[in-house]
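Structure file run_27.cif (mmCIF, C-alpha atoms) follows.
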data_query
#
loop_
_atom_site.label_atom_id
_atom_site.label_comp_id
_atom_site.auth_asym_id
_atom_site.auth_seq_id
_atom_site.Cartn_x
_atom_site.Cartn_y
_atom_site.Cartn_z
CA MET A 1 32.76 103.28 -18.29
CA ILE A 2 35.43 105.11 -20.31
CA GLY A 3 38.12 103.48 -18.19
CA SER A 4 36.57 100.10 -18.80
CA ILE A 5 36.55 100.66 -22.58
CA MET A 6 40.17 101.82 -22.48
CA LYS A 7 41.18 98.68 -20.60
CA PHE A 8 39.37 96.49 -23.09
CA ALA A 9 40.95 98.36 -26.02
CA CYS A 10 44.41 97.80 -24.54
CA VAL A 11 43.77 94.08 -24.23
CA ILE A 12 42.53 93.89 -27.84
CA GLY A 13 45.52 95.93 -29.05
CA LEU A 14 48.05 93.74 -27.28
CA ALA A 15 46.37 90.62 -28.65
CA MET A 16 46.54 92.04 -32.18
CA MET A 17 50.23 92.92 -31.77
CA ALA A 18 50.95 89.39 -30.57
CA ALA A 19 49.12 87.98 -33.57
CA VAL A 20 51.21 90.10 -35.97
CA HIS A 21 54.44 88.98 -34.31
CA ALA A 22 53.26 85.37 -34.45
CA ALA A 23 52.57 85.51 -38.17
CA GLY A 24 55.96 84.07 -39.18
CA LEU A 25 58.68 81.55 -38.62
CA ASP A 26 61.82 82.49 -36.75
CA PHE A 27 65.03 82.11 -38.78
CA PRO A 28 68.14 82.72 -36.63
CA GLN A 29 70.10 83.24 -39.84
CA THR A 30 68.76 84.58 -43.14
CA PHE A 31 72.18 85.15 -44.78
CA VAL A 32 74.80 82.45 -45.38
CA GLU A 33 78.20 83.09 -46.95
CA ILE A 34 80.17 80.26 -48.55
CA HIS A 35 83.71 80.22 -49.96
CA ALA A 36 83.61 77.44 -52.52
CA PRO A 37 86.66 75.67 -53.96
CA ALA A 38 87.36 76.44 -57.62
CA ASP A 39 86.40 72.95 -58.77
CA ALA A 40 83.17 72.66 -56.76
CA LYS A 41 80.16 71.83 -58.88
CA LYS A 42 77.51 72.36 -56.19
CA VAL A 43 77.33 74.02 -52.79
CA THR A 44 74.72 73.52 -50.11
CA ALA A 45 73.46 76.01 -47.54
CA ASP A 46 70.99 75.25 -44.76
CA PHE A 47 68.66 77.64 -42.98
CA GLU A 48 67.12 76.45 -39.73
CA PHE A 49 63.86 77.84 -38.48
CA ALA A 50 61.32 77.37 -35.70
CA ASN A 51 57.75 78.34 -35.11
CA ARG A 52 57.96 80.35 -31.90
CA SER A 53 54.47 81.76 -32.29
CA GLY A 54 51.39 80.52 -30.56
CA LYS A 55 49.66 79.18 -33.65
CA PRO A 56 50.41 76.87 -36.59
CA VAL A 57 52.27 78.39 -39.55
CA SER A 58 52.22 77.03 -43.10
CA VAL A 59 54.77 77.57 -45.84
CA ARG A 60 52.47 78.20 -48.77
CA LYS A 61 55.14 78.59 -51.46
CA TYR A 62 58.91 78.88 -51.86
CA ASP A 63 60.91 80.02 -54.84
CA ALA A 64 64.54 80.61 -55.73
CA ALA A 65 63.88 82.57 -58.95
CA CYS A 66 66.79 80.72 -60.62
CA SER A 67 67.03 77.28 -62.12
CA CYS A 68 70.54 77.12 -60.63
CA MET A 69 69.19 76.90 -57.09
CA ALA A 70 67.24 73.90 -55.80
CA VAL A 71 65.24 74.49 -52.62
CA LYS A 72 63.84 71.82 -50.34
CA ILE A 73 62.15 71.93 -46.98
CA GLN A 74 63.18 69.07 -44.72
CA ASN A 75 60.87 66.05 -45.17
CA GLY A 76 58.61 68.12 -47.40
CA LYS A 77 56.81 69.35 -44.28
CA LEU A 78 55.00 72.61 -44.88
CA ARG A 79 52.89 73.07 -41.73
CA TYR A 80 54.54 73.77 -38.38
CA ALA A 81 52.78 73.67 -35.03
CA PRO A 82 53.91 76.04 -32.26
CA GLY A 83 57.36 74.98 -31.03
CA GLU A 84 58.17 72.85 -34.07
CA SER A 85 61.33 73.47 -36.06
CA GLY A 86 62.49 72.73 -39.58
CA LEU A 87 65.17 73.31 -42.16
CA VAL A 88 65.34 74.91 -45.61
CA ARG A 89 68.10 73.35 -47.70
CA THR A 90 69.39 75.18 -50.75
CA GLU A 91 71.68 73.66 -53.35
CA PHE A 92 73.45 75.97 -55.75
CA ASP A 93 74.63 74.65 -59.10
CA MET A 94 77.86 76.58 -59.76
CA GLY A 95 77.66 76.16 -63.53
CA ASN A 96 80.00 78.65 -65.22
CA PHE A 97 79.90 81.17 -62.40
CA SER A 98 82.96 82.72 -60.91
CA GLY A 99 83.40 85.66 -58.57
CA THR A 100 80.74 86.53 -56.02
CA VAL A 101 77.15 85.45 -56.61
CA ASP A 102 74.14 86.14 -54.37
CA LYS A 103 71.19 83.80 -54.61
CA MET A 104 67.90 84.62 -52.99
CA VAL A 105 65.12 82.33 -51.81
CA ALA A 106 61.68 83.66 -50.89
CA LEU A 107 59.14 81.92 -48.67
CA TRP A 108 55.48 82.86 -48.62
CA LEU A 109 53.72 81.98 -45.37
CA ASP A 110 49.99 81.66 -44.79
CA ASP A 111 48.41 84.88 -46.10
CA ASP A 112 51.48 86.60 -47.57
CA PRO A 113 50.55 88.62 -50.67
CA ALA A 114 52.13 87.45 -53.93
CA ASP A 115 54.57 90.37 -54.03
CA LYS A 116 55.51 90.36 -50.34
CA PRO A 117 57.00 87.07 -49.12
CA SER A 118 57.61 87.31 -45.40
CA VAL A 119 60.90 85.39 -45.48
CA LYS A 120 63.86 86.21 -47.73
CA LEU A 121 66.99 84.09 -47.48
CA THR A 122 70.30 84.88 -49.16
CA VAL A 123 73.20 82.58 -50.03
CA ARG A 124 76.38 84.43 -51.03
CA VAL A 125 78.86 82.17 -52.81
CA HIS A 126 82.45 83.23 -53.46
CA ILE A 127 83.90 81.27 -56.36
CA PRO A 128 87.62 81.71 -57.08
CA VAL A 129 88.49 83.61 -60.25
CA LEU A 130 91.50 81.68 -61.59
CA VAL A 131 92.18 83.95 -64.56
CA THR A 132 91.86 87.72 -64.24
CA LEU A 133 92.00 90.22 -67.08
CA GLU A 134 92.71 93.82 -66.20
CA PRO A 135 91.18 95.80 -67.75
CA LYS A 136 88.52 93.73 -69.40
CA THR A 137 87.86 96.38 -72.06
CA LEU A 138 90.24 98.69 -73.89
CA LYS A 139 88.80 101.94 -75.23
CA TRP A 140 90.03 104.36 -77.87
CA ASP A 141 88.47 107.67 -78.79
CA LEU A 142 87.15 108.01 -82.30
CA ALA A 143 89.79 109.85 -84.39
CA GLY A 144 92.18 109.65 -81.43
CA ASP A 145 95.87 108.70 -81.44
CA GLY A 146 95.24 104.92 -81.50
CA ALA A 147 98.22 104.22 -79.26
CA PRO A 148 98.71 100.58 -78.16
CA GLN A 149 97.10 99.55 -74.85
CA THR A 150 97.63 96.52 -72.64
CA ILE A 151 95.45 93.93 -70.91
CA ARG A 152 97.24 92.21 -68.03
CA ILE A 153 96.41 88.51 -67.70
CA THR A 154 97.09 86.99 -64.26
CA MET A 155 96.67 83.36 -63.21
CA ASN A 156 95.52 82.89 -59.61
CA ASP A 157 95.88 79.13 -59.21
CA ALA A 158 98.53 77.09 -57.43
CA LYS A 159 99.16 75.23 -60.69
CA PRO A 160 100.36 77.17 -63.74
CA ILE A 161 97.75 78.11 -66.36
CA ARG A 162 99.14 78.89 -69.79
CA VAL A 163 97.63 81.05 -72.51
CA THR A 164 97.51 78.81 -75.58
CA ALA A 165 95.91 81.10 -78.18
CA VAL A 166 94.49 84.59 -78.71
CA THR A 167 92.15 85.52 -81.55
CA CYS A 168 90.21 88.68 -82.34
CA SER A 169 86.79 88.95 -83.98
CA SER A 170 87.75 92.07 -85.94
CA PRO A 171 90.66 92.99 -88.21
CA ALA A 172 90.42 96.52 -86.78
CA PHE A 173 92.54 95.43 -83.79
CA ARG A 174 95.94 93.76 -83.76
CA PRO A 175 96.68 91.69 -80.61
CA GLU A 176 100.16 90.69 -79.51
CA LEU A 177 100.66 88.30 -76.60
CA LYS A 178 103.68 88.82 -74.37
CA THR A 179 104.68 86.27 -71.73
CA ILE A 180 105.86 87.88 -68.51
CA GLU A 181 106.07 84.68 -66.46
CA GLU A 182 105.06 81.41 -68.10
CA GLY A 183 101.89 80.00 -66.56
CA ARG A 184 101.50 83.03 -64.27
CA ARG A 185 101.42 86.43 -65.99
CA TYR A 186 100.92 87.63 -69.54
CA GLU A 187 100.25 90.89 -71.32
CA LEU A 188 98.00 91.32 -74.33
CA ILE A 189 99.11 94.39 -76.23
CA VAL A 190 96.44 95.68 -78.59
CA THR A 191 96.83 98.21 -81.38
CA PRO A 192 93.82 99.50 -83.30
CA THR A 193 94.40 99.57 -87.04
CA GLU A 194 91.45 101.92 -87.63
CA VAL A 195 90.36 104.74 -85.30
CA HIS A 196 88.33 106.81 -87.77
CA ALA A 197 85.29 104.51 -87.61
CA PRO A 198 83.56 103.04 -84.55
CA GLY A 199 84.61 99.46 -83.96
CA LEU A 200 84.34 96.57 -81.55
CA GLY A 201 86.75 93.68 -81.19
CA ILE A 202 86.16 90.61 -79.07
CA PHE A 203 89.29 88.76 -78.00
CA ARG A 204 89.06 85.07 -77.27
CA ILE A 205 91.84 84.05 -74.92
CA GLU A 206 92.31 80.30 -74.65
CA THR A 207 94.10 78.69 -71.70
CA ASP A 208 95.05 75.18 -70.66
CA SER A 209 93.18 75.43 -67.33
CA ALA A 210 92.08 72.04 -66.04
CA LEU A 211 88.70 73.55 -65.23
CA GLU A 212 86.58 74.00 -68.31
CA LYS A 213 84.87 77.16 -67.13
CA HIS A 214 88.23 78.97 -66.94
CA ARG A 215 89.49 77.69 -70.29
CA ILE A 216 88.11 80.49 -72.46
CA GLN A 217 88.27 84.15 -71.44
CA GLN A 218 86.92 87.19 -73.26
CA ALA A 219 88.17 90.75 -73.48
CA PHE A 220 86.97 93.67 -75.56
CA ALA A 221 88.35 96.58 -77.54
CA VAL A 222 86.21 99.53 -78.55
CA VAL A 223 86.74 102.56 -80.74
CA ARG A 224 83.97 105.04 -80.13
CA LYS A 225 82.98 108.59 -79.41
CA PRO A 226 83.79 109.25 -75.73
CA THR A 227 80.82 109.37 -73.36
CA ALA A 228 79.91 112.74 -71.81
CA GLY A 229 81.52 111.65 -68.54
CA GLU A 230 84.74 110.51 -70.22
CA ALA A 231 84.98 113.72 -72.25
CA ALA A 232 84.47 115.82 -69.11
CA ALA A 233 87.13 113.85 -67.22
CA LYS A 234 89.79 114.58 -69.85
CA PRO A 235 92.09 117.55 -69.23
CA MET B 1 29.03 97.71 -20.12
CA ASN B 2 29.62 94.05 -20.85
CA ALA B 3 32.41 92.75 -23.10
CA PRO B 4 30.36 92.36 -26.33
CA GLY B 5 29.12 95.92 -25.89
CA GLN B 6 32.66 97.22 -25.42
CA LEU B 7 33.80 95.28 -28.50
CA ALA B 8 30.97 96.80 -30.52
CA VAL B 9 31.90 100.34 -29.42
CA ILE B 10 35.58 99.79 -30.28
CA SER B 11 34.69 98.26 -33.65
CA VAL B 12 32.46 101.21 -34.53
CA LEU B 13 35.18 103.69 -33.55
CA ALA B 14 37.81 101.79 -35.58
CA LEU B 15 35.54 101.61 -38.62
CA ALA B 16 34.81 105.33 -38.38
CA ALA B 17 38.55 106.11 -38.22
CA ALA B 18 39.28 103.85 -41.19
CA GLY B 19 36.46 105.39 -43.21
CA GLY B 20 37.70 108.88 -42.41
CA THR B 21 41.21 107.96 -43.51
CA TRP B 22 39.83 106.53 -46.77
CA LEU B 23 37.87 109.73 -47.42
CA VAL B 24 40.85 111.99 -46.70
CA THR B 25 43.71 110.04 -48.32
CA GLY B 26 41.83 107.88 -50.80
CA PRO B 27 41.98 104.09 -51.24
CA PRO B 28 45.21 102.22 -50.49
CA ALA B 29 47.72 102.50 -53.32
CA ARG B 30 48.26 99.21 -55.16
CA VAL B 31 50.56 100.58 -57.82
CA LEU B 32 54.29 100.73 -57.37
CA LYS B 33 55.58 104.09 -56.15
CA CYS B 34 59.09 105.31 -56.81
CA ASP B 35 60.44 108.22 -54.82
CA PRO B 36 63.74 109.49 -56.29
CA ALA B 37 64.66 110.88 -52.87
CA VAL B 38 64.90 107.42 -51.30
CA LEU B 39 66.44 105.46 -54.19
CA LYS B 40 69.60 103.45 -53.68
CA HIS B 41 72.69 105.03 -55.27
CA ASP B 42 72.52 102.88 -58.42
CA GLU B 43 68.74 102.87 -58.93
CA VAL B 44 66.51 104.89 -61.21
CA CYS B 45 62.76 105.42 -61.27
CA LEU B 46 61.04 104.58 -64.53
CA GLU B 47 59.68 108.14 -64.60
CA GLN B 48 63.28 109.34 -64.98
CA VAL B 49 63.68 107.38 -68.23
CA PRO B 50 61.54 108.83 -71.02
CA ALA B 51 60.09 106.34 -73.49
CA GLY B 52 62.31 106.30 -76.57
CA ALA B 53 65.45 107.34 -74.65
CA ASP B 54 68.72 105.90 -75.92
CA VAL B 55 68.94 103.09 -73.36
CA VAL B 56 70.03 99.48 -73.52
CA TRP B 57 67.44 97.60 -71.45
CA VAL B 58 68.79 94.42 -69.87
CA ASP B 59 66.30 91.78 -68.75
CA ALA B 60 67.69 89.77 -65.82
CA ARG B 61 64.75 87.37 -65.60
CA PRO B 62 64.72 83.79 -66.91
CA ARG B 63 64.84 83.46 -70.70
CA ALA B 64 61.21 82.24 -70.97
CA GLU B 65 59.92 85.35 -69.20
CA TRP B 66 62.07 87.66 -71.31
CA GLU B 67 60.78 86.04 -74.49
CA LYS B 68 57.21 86.26 -73.23
CA ASN B 69 57.06 89.89 -72.16
CA GLY B 70 60.38 91.72 -72.07
CA VAL B 71 60.94 95.33 -73.12
CA PRO B 72 61.07 95.52 -76.92
CA GLY B 73 64.70 95.66 -78.03
CA SER B 74 66.00 94.50 -74.65
CA VAL B 75 68.88 92.09 -74.22
CA LEU B 76 68.90 89.10 -71.91
CA TRP B 77 71.47 88.63 -69.15
CA ASN B 78 70.59 86.44 -66.20
CA LEU B 79 72.42 84.14 -63.81
CA ASP B 80 71.02 80.91 -65.16
CA PRO B 81 73.93 78.40 -65.34
CA THR B 82 72.55 76.92 -68.54
CA GLU B 83 73.04 80.25 -70.33
CA ASP B 84 76.22 81.26 -72.15
CA MET B 85 77.76 84.07 -70.07
CA SER B 86 80.33 84.79 -72.79
CA ALA B 87 77.51 85.43 -75.25
CA PHE B 88 75.86 87.80 -72.76
CA GLU B 89 79.15 89.71 -72.38
CA ALA B 90 79.71 89.93 -76.12
CA GLY B 91 76.13 91.05 -76.78
CA MET B 92 76.39 93.73 -74.12
CA ALA B 93 79.73 94.96 -75.45
CA ALA B 94 78.21 95.36 -78.92
CA ARG B 95 75.22 97.32 -77.61
CA ALA B 96 77.08 99.43 -75.04
CA ALA B 97 79.62 100.42 -77.68
CA VAL B 98 76.93 102.60 -79.26
CA SER B 99 74.69 103.49 -76.28
CA GLN B 100 75.86 105.32 -73.21
CA ARG B 101 73.21 104.16 -70.79
CA VAL B 102 72.30 100.67 -69.60
CA ILE B 103 69.37 99.88 -67.28
CA VAL B 104 68.85 96.44 -65.77
CA TYR B 105 65.52 95.10 -64.55
CA CYS B 106 64.37 91.86 -63.01
CA GLY B 107 60.95 90.70 -61.81
CA ASP B 108 60.05 93.15 -59.07
CA GLU B 109 61.52 94.85 -56.03
CA ASN B 110 62.01 91.47 -54.33
CA CYS B 111 64.37 90.24 -57.03
CA GLY B 112 68.05 90.74 -56.30
CA VAL B 113 69.44 89.61 -59.63
CA SER B 114 69.45 92.95 -61.43
CA ARG B 115 72.02 94.51 -59.08
CA GLN B 116 74.38 91.57 -59.59
CA ILE B 117 74.00 91.81 -63.35
CA ALA B 118 74.61 95.57 -63.19
CA GLU B 119 77.85 94.90 -61.31
CA ARG B 120 78.93 92.40 -63.95
CA ILE B 121 78.23 94.90 -66.73
CA ARG B 122 80.16 97.62 -64.89
CA ALA B 123 83.06 95.17 -64.46
CA LEU B 124 83.34 94.96 -68.24
CA GLY B 125 84.48 98.59 -68.15
CA LEU B 126 82.62 99.56 -71.30
CA GLY B 127 82.17 103.13 -70.07
CA ALA B 128 78.36 103.15 -70.15
CA GLU B 129 76.37 104.37 -67.16
CA VAL B 130 74.73 101.28 -65.62
CA SER B 131 71.65 101.53 -63.38
CA VAL B 132 69.05 99.26 -61.82
CA LEU B 133 65.36 99.94 -62.40
CA HIS B 134 63.45 100.38 -59.15
CA GLY B 135 60.46 98.05 -59.18
CA GLY B 136 61.82 96.04 -62.10
CA TRP B 137 59.53 94.49 -64.69
CA ARG B 138 56.49 95.29 -62.53
CA ALA B 139 57.15 99.03 -62.94
CA LEU B 140 57.56 98.62 -66.70
CA SER B 141 54.39 96.57 -66.94
CA GLU B 142 52.32 99.06 -64.95
CA ALA B 143 53.58 101.80 -67.28
CA GLY B 144 52.64 99.75 -70.37
CA ARG B 145 56.24 99.58 -71.58
CA VAL B 146 56.45 95.83 -72.16
CA ARG B 147 54.93 93.78 -74.93
CA ASN B 148 54.04 90.17 -75.38
CA SER B 149 57.32 89.36 -77.04
CA SER B 150 60.87 90.61 -77.30
CA PRO B 151 63.14 90.50 -80.30
CA GLY B 152 66.19 88.37 -79.71
CA PRO B 153 69.54 89.88 -78.84
#

Write the structure described by the file as structure tokens, please.
Amino acid sequence: MIGSIMKFACVIGLAMMAAVHAAGLDFPQTFVEIHAPADAKKVTADFEFANRSGKPVSVRKYDAACSCMAVKIQNGKLRYAPGESGLVRTEFDMGNFSGTVDKMVALWLDDDPADKPSVKLTVRVHIPVLVTLEPKTLKWDLAGDGAPQTIRITMNDAKPIRVTAVTCSSPAFRPELKTIEEGRRYELIVTPTEVHAPGLGIFRIETDSALEKHRIQQAFAVVRKPTAGEAAAKP
Amino acid sequence: MNAPGQLAVISVLALAAAGGTWLVTGPPARVLKCDPAVLKHDEVCLEQVPAGADVVWVDARPRAEWEKNGVPGSVLWNLDPTEDMSAFEAGMAARAAVSQRVIVYCGDENCGVSRQIAERIRALGLGAEVSVLHGGWRALSEAGRVRNSSPGP
């Protein structure tokens, strides 16, 4: 009798394991990486899937958690019989983004709890950075020497991009633009005029980039008490 | 013993085991747990941040959610293309110039935006320590550290 119960328990257990495995859709790829051109306005990424389980699966809800990402399921079909396949199409609005951006899409199937979607898809978009500022922030210690510091401005486009103007939000910092190679490399030399009071300056660097999102750049200058980590790092 | 009888025996045994587990370990935990030992390198548990600590809270959720129930005094920085990223940068520079710690949160542990925002803040090079809150807004809400409205940045 015990042996009979054990056999029955094994059958039930295996059936339950199969049911758990069958609870979802099979996505061969849940991560897509895209290198977008600098002037792209939108990029599209597709995720194929199939129901390889033995029972129908429904997509109850899907969400991209960002208004910049539109998500559609092919033909609006939300219920998939065993063996059926489908496609999730995501469309990312590049807006003012540059650099690397990850966008996530979550899909809730059948009985997924609200905080545990069973499918998470990621689209990683690399958007060229045509103008780089290094460093982005200049820092001076309060009551320090106030020596001039430099931000290097580098253009990373095939066509030249010129700096057309530099302004600062605060009179506590004096910027001086130096052209190293017209349309390619510049230096912004900044001298604080006051280091005995905390201060923040925001530099607005205007360029003639053909792409609007690269036209205005920002850099910062700060006079402040050094953080504990900065103080410890000093000799 | 026939099949229904076997099923009944197995069900009774399973129920007894489940009941015993409930009695010994208590009901299943529904609240978010944060174990500092298993945190990612840039994460913090809310328990590690005392209420009233000098922290710039950054809300990485959509603007409507931040306005509805963000941390009081928090600043908004999300990846919504309709938002002004330059304004986010400038606002953060102003706050981080006087605070040495920045913590970013988004909706919950499923939201990946906060880590991207943290990277953007670090890239500004303001010198502040930038972390991501494990559990995001859900952890703050369970701890009663959000209100029904946030002051603007």

Check which residues satisfy the PyMOL selection byres ((chain A and resi 123-140) around 6) in the file shown, then give them as a list in words.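 For this structure, the PyMOL selection byres ((chain A and resi 123-140) around 6) captures Phe31, Val32, Glu33, Ile34, His35, Ala36, Ala38, Ser98, Gly99, Thr100, Val101, Asp102, Lys103, Thr122, Asp141, Ile151, Arg152, Ile153, Thr154, Met155, Asn156, Asp157, Ala219, Phe220, Ala221, Val222 and Val223 of chain A; Leu124 and Gly125 of chain B.
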
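The residue that comes closest to Arg60 in chain A, out of A:Arg79, A:Arg185, A:Arg215, A:Lys72 and on the basis of all atoms listed in the file, is A:Arg79.
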
Once the PyMOL selection byres ((chain A and resi 74) around 10) is applied to the coordinates I shared, what remains selected? I want it as a PDB file with C-alpha atoms, in the frame of the given file.
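Written output follows (out12.pdb):
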ATOM      1  CA  ASP A  46      70.990  75.250 -44.760  1.00  0.00           C
ATOM      2  CA  GLU A  48      67.120  76.450 -39.730  1.00  0.00           C
ATOM      3  CA  VAL A  71      65.240  74.490 -52.620  1.00  0.00           C
ATOM      4  CA  LYS A  72      63.840  71.820 -50.340  1.00  0.00           C
ATOM      5  CA  ILE A  73      62.150  71.930 -46.980  1.00  0.00           C
ATOM      6  CA  ASN A  75      60.870  66.050 -45.170  1.00  0.00           C
ATOM      7  CA  GLY A  76      58.610  68.120 -47.400  1.00  0.00           C
ATOM      8  CA  LYS A  77      56.810  69.350 -44.280  1.00  0.00           C
ATOM      9  CA  LEU A  78      55.000  72.610 -44.880  1.00  0.00           C
ATOM     10  CA  SER A  85      61.330  73.470 -36.060  1.00  0.00           C
ATOM     11  CA  GLY A  86      62.490  72.730 -39.580  1.00  0.00           C
ATOM     12  CA  LEU A  87      65.170  73.310 -42.160  1.00  0.00           C
ATOM     13  CA  VAL A  88      65.340  74.910 -45.610  1.00  0.00           C
ATOM     14  CA  ARG A  89      68.100  73.350 -47.700  1.00  0.00           C
TER      15      ARG A  89
END

Check: which chain B residues lie within 8 Å of chain A using all atoms listed in the file, as number ranges by chain: B: 1, 3, 6-7, 10, 62, 79-82, 85-86, 90, 93-94, 97-98, 100, 108, 110-113, 116, 123-128

Evaluate the PyMOL selection byres ((chain B and resi 134) around 6) here and jot the selected residues down as a list in words. Glu43, Val44, Cys45, Leu133, Gly135 and Gly136 of chain B

Using the selection just defined, write its residues with C-alpha atoms as a PDB file, in the coordinates of the input.
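Ended up saving to part-v3.pdb:
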ATOM      1  CA  GLU B  43      68.740 102.870 -58.930  1.00  0.00           C
ATOM      2  CA  VAL B  44      66.510 104.890 -61.210  1.00  0.00           C
ATOM      3  CA  CYS B  45      62.760 105.420 -61.270  1.00  0.00           C
ATOM      4  CA  LEU B 133      65.360  99.940 -62.400  1.00  0.00           C
ATOM      5  CA  GLY B 135      60.460  98.050 -59.180  1.00  0.00           C
ATOM      6  CA  GLY B 136      61.820  96.040 -62.100  1.00  0.00           C
TER       7      GLY B 136
END

Tell me which residues come within 10 Å of (105.0, 79.4, -71.7), as a VMD selection string, counting only C-alpha atoms in the file's coordinates. chain A and resid 160 to 164 178 to 186

Counting all atoms listed in the file, which residues come within 7 Å of (93.6, 101.0, -85.4), with the point read in the file's coordinates, and could you list them as a list in words?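 Residues found, by chain and rising number: Gly146, Ala172, Phe173, Thr191, Pro192, Thr193, Glu194 and Val195 of chain A.
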
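Here CA of Pro171 in chain A and CA of His196 in chain A stand 14.0 Å from one another.
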
Distance in Å - CA of Glu119 in chain B versus CA of Gly70 in chain B: 20.8 Å

Grab the CA of Asp208 in chain A to CA of Arg120 in chain B distance for me, in Å with one decimal place.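 Taking CA of Asp208 in chain A as the start and CA of Arg120 in chain B as the end point, the length is 24.5 Å.
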
If we count all atoms listed in the file, what is near Val49 in chain B at a cut-off of 12 Å, once residues fewer than 4 positions away on the same chain are taken out, given as a list of chain:residue names? B:Glu43, B:Val44, B:Cys45, B:Ala53, B:Asp54, B:Val55, B:Val56, B:Trp57, B:Arg101, B:Val102, B:Ile103, B:Ser131, B:Val132, B:Leu133, B:His134, B:Ala139, B:Leu140, B:Ala143, B:Arg145

Using only C-alpha atoms, which of A:Ser209, A:Gln149, A:Asn51, A:Ser118 sits nearest Leu188 in chain A? A:Gln149

Got a minute to add all heavy atoms to range 42-47 of chain B and dump it as a PDB file, in the frame of the given file?
ATOM      1  N   ASP B  42      72.425 103.329 -57.022  1.00  0.00           N
ATOM      2  CA  ASP B  42      72.520 102.880 -58.420  1.00  0.00           C
ATOM      3  C   ASP B  42      71.157 102.653 -59.062  1.00  0.00           C
ATOM      4  O   ASP B  42      71.073 102.067 -60.130  1.00  0.00           O
ATOM      5  CB  ASP B  42      73.342 101.586 -58.491  1.00  0.00           C
ATOM      6  CG  ASP B  42      72.707 100.451 -57.701  1.00  0.00           C
ATOM      7  OD1 ASP B  42      71.794 100.717 -56.900  1.00  0.00           O
ATOM      8  OD2 ASP B  42      73.128  99.294 -57.885  1.00  0.00           O
ATOM      9  N   GLU B  43      70.090 103.120 -58.405  1.00  0.00           N
ATOM     10  CA  GLU B  43      68.740 102.870 -58.930  1.00  0.00           C
ATOM     11  C   GLU B  43      68.191 104.083 -59.670  1.00  0.00           C
ATOM     12  O   GLU B  43      68.569 105.219 -59.390  1.00  0.00           O
ATOM     13  CB  GLU B  43      67.785 102.546 -57.775  1.00  0.00           C
ATOM     14  CG  GLU B  43      67.909 101.133 -57.259  1.00  0.00           C
ATOM     15  CD  GLU B  43      66.850 100.836 -56.206  1.00  0.00           C
ATOM     16  OE1 GLU B  43      66.385 101.770 -55.527  1.00  0.00           O
ATOM     17  OE2 GLU B  43      66.499  99.669 -56.046  1.00  0.00           O
ATOM     18  N   VAL B  44      67.259 103.810 -60.571  1.00  0.00           N
ATOM     19  CA  VAL B  44      66.510 104.890 -61.210  1.00  0.00           C
ATOM     20  C   VAL B  44      65.023 104.552 -61.158  1.00  0.00           C
ATOM     21  O   VAL B  44      64.640 103.381 -61.125  1.00  0.00           O
ATOM     22  CB  VAL B  44      66.905 105.109 -62.698  1.00  0.00           C
ATOM     23  CG1 VAL B  44      68.264 105.728 -62.835  1.00  0.00           C
ATOM     24  CG2 VAL B  44      66.796 103.819 -63.501  1.00  0.00           C
ATOM     25  N   CYS B  45      64.207 105.609 -61.147  1.00  0.00           N
ATOM     26  CA  CYS B  45      62.760 105.420 -61.270  1.00  0.00           C
ATOM     27  C   CYS B  45      62.441 105.384 -62.760  1.00  0.00           C
ATOM     28  O   CYS B  45      63.100 106.064 -63.564  1.00  0.00           O
ATOM     29  CB  CYS B  45      62.007 106.615 -60.675  1.00  0.00           C
ATOM     30  SG  CYS B  45      62.130 106.757 -58.893  1.00  0.00           S
ATOM     31  N   LEU B  46      61.424 104.648 -63.119  1.00  0.00           N
ATOM     32  CA  LEU B  46      61.040 104.580 -64.530  1.00  0.00           C
ATOM     33  C   LEU B  46      60.660 105.972 -65.059  1.00  0.00           C
ATOM     34  O   LEU B  46      60.918 106.294 -66.215  1.00  0.00           O
ATOM     35  CB  LEU B  46      59.881 103.598 -64.701  1.00  0.00           C
ATOM     36  CG  LEU B  46      59.456 103.329 -66.140  1.00  0.00           C
ATOM     37  CD1 LEU B  46      60.625 102.766 -66.947  1.00  0.00           C
ATOM     38  CD2 LEU B  46      58.288 102.366 -66.195  1.00  0.00           C
ATOM     39  N   GLU B  47      60.092 106.789 -64.187  1.00  0.00           N
ATOM     40  CA  GLU B  47      59.680 108.140 -64.600  1.00  0.00           C
ATOM     41  C   GLU B  47      60.876 108.984 -65.039  1.00  0.00           C
ATOM     42  O   GLU B  47      60.729 109.981 -65.731  1.00  0.00           O
ATOM     43  CB  GLU B  47      58.951 108.860 -63.460  1.00  0.00           C
ATOM     44  CG  GLU B  47      57.624 108.240 -63.043  1.00  0.00           C
ATOM     45  CD  GLU B  47      57.778 106.925 -62.282  1.00  0.00           C
ATOM     46  OE1 GLU B  47      58.819 106.714 -61.624  1.00  0.00           O
ATOM     47  OE2 GLU B  47      56.869 106.077 -62.383  1.00  0.00           O
TER      48      GLU B  47
END
